[in-house]
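I have placed the structure first, in the form of structure tokens, so that the comments after it can refer back to it.
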Amino acid sequence: MSEMDFSALNEAGLNLQAVLDLDALPLALRNGIDPGHRYRQLILIGHGGRILWEQVQAAGLQSEHPIDDFSCTIVKAWLAAQWPERAFVIAYPGGDAVDLQALGKQAGWHHDSPFRVGINAVWGTWYAYRVLVLADTCLAPSPRVDGESPCLACSGRPCITACPGDALAEADFSLQKCVAYRRQPESLCRATCVARTMCPVRPEHRYPDAQIAHSYLRSLAMIEQYERASPDHPATKR
């Protein structure tokens, strides 16, 4: 087993990394990621806090998905420098759907929050999965990050009462209420998530407003595109 130098990723803001042996994963999860069992390991790469967005802005990328494009460019260059002779493929972003949250739980990064954004004790909800690499490497697997969800120690649960769409009013999160409220013209959640911004865990890592708006406006556009393509949508029936 050998170690890998993650410093180039950290400098770019991709400051979360976990190496997992594919054979150690639950079989269903492994088959969903690498159905042909072609690779030995996966490298899960994410970011926490503000540095990645600052680096993306400094790069000046003019593309539809600047965060994804920047992250993939950095990761490919890093892999080529570290392991030029090893085969690898980027399984996310792009390609088939990947259960990133399940992988995050394997690494110990991810706990569910009431508003269905991953949360952990280090970054709160201000982190995200950016790149998943399948690689023919023999790296030392990362130790699992132990710890409980910060939500268990949160007595006030301000995220629940702050949600203007009442999506958290019942025992479980209501995606239908969340989407319906976000699509309203005067919604407070068109370009943000009010519940998320009210979470008291690690507010010092909160993304800049521009980054929050970029992500939530993109997700809203995807929701509206999906609904326009629905057979029940008036435009589809014409």
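Ordering of the structure tokens sets the chain letters (A, B, ...); residue numbers start at 1 within each chain; ligands are numbered from 1 in the order shown.
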
* **Which of segment 119-235 of chain A DSSP labels helix (DSSP H, G or I), written as a ChimeraX atom specification** => /A:150-153,158-162,175-182,194-197,203-205,209-228,234-235

So that I can see what lies close to segment 145-154 of chain A, please list as a short mmCIF file (atom, residue, chain, number, x, y, z; two decimals) with N, CA and C atoms, in the first residue's frame the residues with an atom at most 12 Å from it, counting only C-alpha atoms and leaving out residues fewer than 6 positions away in the same chain.
data_model
loop_
_atom_site.label_atom_id
_atom_site.label_comp_id
_atom_site.auth_asym_id
_atom_site.auth_seq_id
_atom_site.Cartn_x
_atom_site.Cartn_y
_atom_site.Cartn_z
N LEU A 16 -11.65 17.55 0.59
CA LEU A 16 -12.18 16.32 1.19
C LEU A 16 -11.82 15.16 0.27
N GLN A 17 -11.15 14.16 0.81
CA GLN A 17 -10.77 12.99 0.02
C GLN A 17 -10.91 11.73 0.85
N ALA A 18 -11.39 10.67 0.21
CA ALA A 18 -11.46 9.37 0.86
C ALA A 18 -11.15 8.29 -0.17
N GLY A 104 -20.68 8.63 0.84
CA GLY A 104 -20.32 9.54 1.91
C GLY A 104 -20.53 8.92 3.29
N LYS A 105 -21.56 8.12 3.42
CA LYS A 105 -21.80 7.43 4.69
C LYS A 105 -20.73 6.37 4.94
N GLN A 106 -20.28 5.72 3.87
CA GLN A 106 -19.19 4.75 4.03
C GLN A 106 -17.93 5.44 4.53
N ALA A 107 -17.70 6.66 4.04
CA ALA A 107 -16.50 7.41 4.46
C ALA A 107 -16.68 8.06 5.82
N GLY A 108 -17.93 8.16 6.30
CA GLY A 108 -18.21 8.82 7.56
C GLY A 108 -18.42 10.31 7.42
N TRP A 109 -18.56 10.80 6.18
CA TRP A 109 -18.77 12.23 5.96
C TRP A 109 -20.23 12.63 6.16
N HIS A 110 -21.13 11.76 5.82
CA HIS A 110 -22.51 12.15 5.55
C HIS A 110 -23.47 11.68 6.63
N HIS A 111 -24.22 12.63 7.18
CA HIS A 111 -25.39 12.33 8.01
C HIS A 111 -26.57 13.07 7.40
N ASP A 112 -27.75 12.47 7.48
CA ASP A 112 -28.95 13.13 6.94
C ASP A 112 -29.37 14.27 7.86
N SER A 113 -29.80 15.37 7.24
CA SER A 113 -30.37 16.49 7.98
C SER A 113 -31.87 16.52 7.71
N PRO A 114 -32.64 17.27 8.51
CA PRO A 114 -34.09 17.34 8.26
C PRO A 114 -34.43 17.84 6.86
N PHE A 115 -33.58 18.70 6.29
CA PHE A 115 -33.88 19.26 4.97
C PHE A 115 -33.14 18.53 3.85
N ARG A 116 -32.64 17.33 4.16
CA ARG A 116 -32.09 16.38 3.19
C ARG A 116 -30.81 16.86 2.51
N VAL A 117 -30.06 17.71 3.16
CA VAL A 117 -28.71 18.04 2.72
C VAL A 117 -27.77 17.38 3.71
N GLY A 118 -26.71 16.77 3.22
CA GLY A 118 -25.78 16.11 4.12
C GLY A 118 -25.16 17.07 5.12
N ILE A 119 -24.92 16.58 6.33
CA ILE A 119 -24.36 17.41 7.38
C ILE A 119 -23.29 16.61 8.12
N ASN A 120 -22.23 17.30 8.54
CA ASN A 120 -21.26 16.67 9.43
C ASN A 120 -20.72 17.69 10.41
N ALA A 121 -19.98 17.20 11.40
CA ALA A 121 -19.55 18.05 12.49
C ALA A 121 -18.48 19.06 12.09
N VAL A 122 -17.74 18.78 11.02
CA VAL A 122 -16.64 19.66 10.62
C VAL A 122 -17.13 20.82 9.76
N TRP A 123 -17.98 20.52 8.77
CA TRP A 123 -18.39 21.52 7.79
C TRP A 123 -19.85 21.92 7.90
N GLY A 124 -20.61 21.31 8.79
CA GLY A 124 -22.05 21.55 8.78
C GLY A 124 -22.62 21.01 7.48
N THR A 125 -23.45 21.82 6.83
CA THR A 125 -23.99 21.41 5.52
C THR A 125 -23.22 22.05 4.37
N ILE A 160 -36.29 23.64 10.88
CA ILE A 160 -37.67 23.18 10.70
C ILE A 160 -38.64 24.34 10.76
N CYS A 199 -29.41 26.75 9.67
CA CYS A 199 -28.77 25.69 10.45
C CYS A 199 -27.63 26.30 11.27
N PRO A 200 -27.56 26.02 12.58
CA PRO A 200 -26.55 26.64 13.44
C PRO A 200 -25.19 25.92 13.44
N VAL A 201 -25.07 24.85 12.67
CA VAL A 201 -23.84 24.06 12.69
C VAL A 201 -22.82 24.64 11.70
N ARG A 202 -21.69 25.06 12.21
CA ARG A 202 -20.55 25.55 11.42
C ARG A 202 -20.92 26.66 10.43
#

* Asked: Between A:Pro84, A:Tyr129, A:Arg196, A:Gly13, which one has atoms that come closest to Ala58 of chain A, using only C-alpha atoms?
  -> A:Gly13

* To do: Go through segment 122-175 of chain A and collect every residue that DSSP, computed from the backbone, puts in strand (DSSP E or B); the answer should be as a list in words.
  =>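 Taking segment 122-175 of chain A and keeping strand (DSSP E or B) only, one gets Gly124, Tyr127, Ala128, Tyr129, Arg130, Val131, Leu132, Val133, Leu134, Ala135 and Leu139 of chain A.
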
I need the chosen residues saved as a PDB file, in the first residue's frame, with C-alpha atoms.
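Saved result, out_31.pdb, follows:
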ATOM      1  CA  GLY A 124     -22.046  21.553   8.780  1.00  0.00           C
ATOM      2  CA  TYR A 127     -19.721  20.718   1.795  1.00  0.00           C
ATOM      3  CA  ALA A 128     -20.468  18.734  -1.370  1.00  0.00           C
ATOM      4  CA  TYR A 129     -19.381  15.735  -3.382  1.00  0.00           C
ATOM      5  CA  ARG A 130     -17.502  16.858  -6.460  1.00  0.00           C
ATOM      6  CA  VAL A 131     -15.695  13.964  -8.192  1.00  0.00           C
ATOM      7  CA  LEU A 132     -15.741  10.181  -7.944  1.00  0.00           C
ATOM      8  CA  VAL A 133     -12.755   8.363  -9.443  1.00  0.00           C
ATOM      9  CA  LEU A 134     -12.532   4.628 -10.068  1.00  0.00           C
ATOM     10  CA  ALA A 135      -8.881   3.668 -10.217  1.00  0.00           C
ATOM     11  CA  LEU A 139      -3.520   3.068  -1.967  1.00  0.00           C
TER      12      LEU A 139
END

* Selection near Phe6 of chain A, 9 Å with only C-alpha atoms, sequence-local residues under 3 positions removed, as a VMD selection string -> chain A and resid 9 to 11 14 to 15 17 78

* To do: Tell me which of A:Leu103, A:Ile67, A:Glu170, A:Glu3 sits closest to Pro26 of chain A, counting only C-alpha atoms.
  => A:Leu103

* Which neighbours of His214 of chain A fall inside 9 Å, counting only C-alpha atoms, when residues of the same chain fewer than 4 positions from it are skipped, and could you give them as a list in words? -> Ala191, Thr192, Asp209, Ala210, Arg218 and Ser219 of chain A

Shell around Trp83 of chain A at 10 Å using only C-alpha atoms, local window under 2 positions removed, as a PDB file with N, CA and C atoms, in the first residue's frame:
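Ended up saving to around.pdb:
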ATOM      1  N   MET A   4      -0.897   8.829  -0.950  1.00  0.00           N
ATOM      2  CA  MET A   4      -1.052   9.760  -2.043  1.00  0.00           C
ATOM      3  C   MET A   4      -0.953  11.178  -1.510  1.00  0.00           C
ATOM      4  N   TRP A  78      -4.111  16.030 -11.457  1.00  0.00           N
ATOM      5  CA  TRP A  78      -3.534  15.459 -10.231  1.00  0.00           C
ATOM      6  C   TRP A  78      -3.273  13.972 -10.388  1.00  0.00           C
ATOM      7  N   LEU A  79      -4.221  13.233 -10.960  1.00  0.00           N
ATOM      8  CA  LEU A  79      -4.033  11.804 -11.160  1.00  0.00           C
ATOM      9  C   LEU A  79      -2.904  11.516 -12.133  1.00  0.00           C
ATOM     10  N   ALA A  80      -2.826  12.312 -13.207  1.00  0.00           N
ATOM     11  CA  ALA A  80      -1.767  12.109 -14.190  1.00  0.00           C
ATOM     12  C   ALA A  80      -0.392  12.348 -13.577  1.00  0.00           C
ATOM     13  N   ALA A  81      -0.311  13.295 -12.648  1.00  0.00           N
ATOM     14  CA  ALA A  81       0.972  13.570 -11.991  1.00  0.00           C
ATOM     15  C   ALA A  81       1.315  12.515 -10.948  1.00  0.00           C
ATOM     16  N   GLU A  85       0.800   5.841 -14.729  1.00  0.00           N
ATOM     17  CA  GLU A  85       0.725   4.506 -15.327  1.00  0.00           C
ATOM     18  C   GLU A  85      -0.542   3.752 -14.933  1.00  0.00           C
ATOM     19  N   ARG A  86      -1.373   4.339 -14.074  1.00  0.00           N
ATOM     20  CA  ARG A  86      -2.560   3.643 -13.581  1.00  0.00           C
ATOM     21  C   ARG A  86      -3.813   4.044 -14.370  1.00  0.00           C
ATOM     22  N   ALA A  87      -4.657   3.044 -14.640  1.00  0.00           N
ATOM     23  CA  ALA A  87      -5.923   3.317 -15.323  1.00  0.00           C
ATOM     24  C   ALA A  87      -6.914   3.926 -14.331  1.00  0.00           C
ATOM     25  N   PHE A  88      -7.704   4.872 -14.807  1.00  0.00           N
ATOM     26  CA  PHE A  88      -8.749   5.458 -13.977  1.00  0.00           C
ATOM     27  C   PHE A  88      -9.873   5.971 -14.867  1.00  0.00           C
ATOM     28  N   ALA A 135     -10.297   3.730  -9.849  1.00  0.00           N
ATOM     29  CA  ALA A 135      -8.881   3.668 -10.217  1.00  0.00           C
ATOM     30  C   ALA A 135      -8.287   2.290  -9.954  1.00  0.00           C
ATOM     31  N   ASP A 136      -7.307   1.949 -10.765  1.00  0.00           N
ATOM     32  CA  ASP A 136      -6.556   0.704 -10.594  1.00  0.00           C
ATOM     33  C   ASP A 136      -5.337   0.999  -9.726  1.00  0.00           C
ATOM     34  N   THR A 137      -5.604   1.393  -8.491  1.00  0.00           N
ATOM     35  CA  THR A 137      -4.546   1.800  -7.572  1.00  0.00           C
ATOM     36  C   THR A 137      -4.485   0.856  -6.377  1.00  0.00           C
TER      37      THR A 137
END
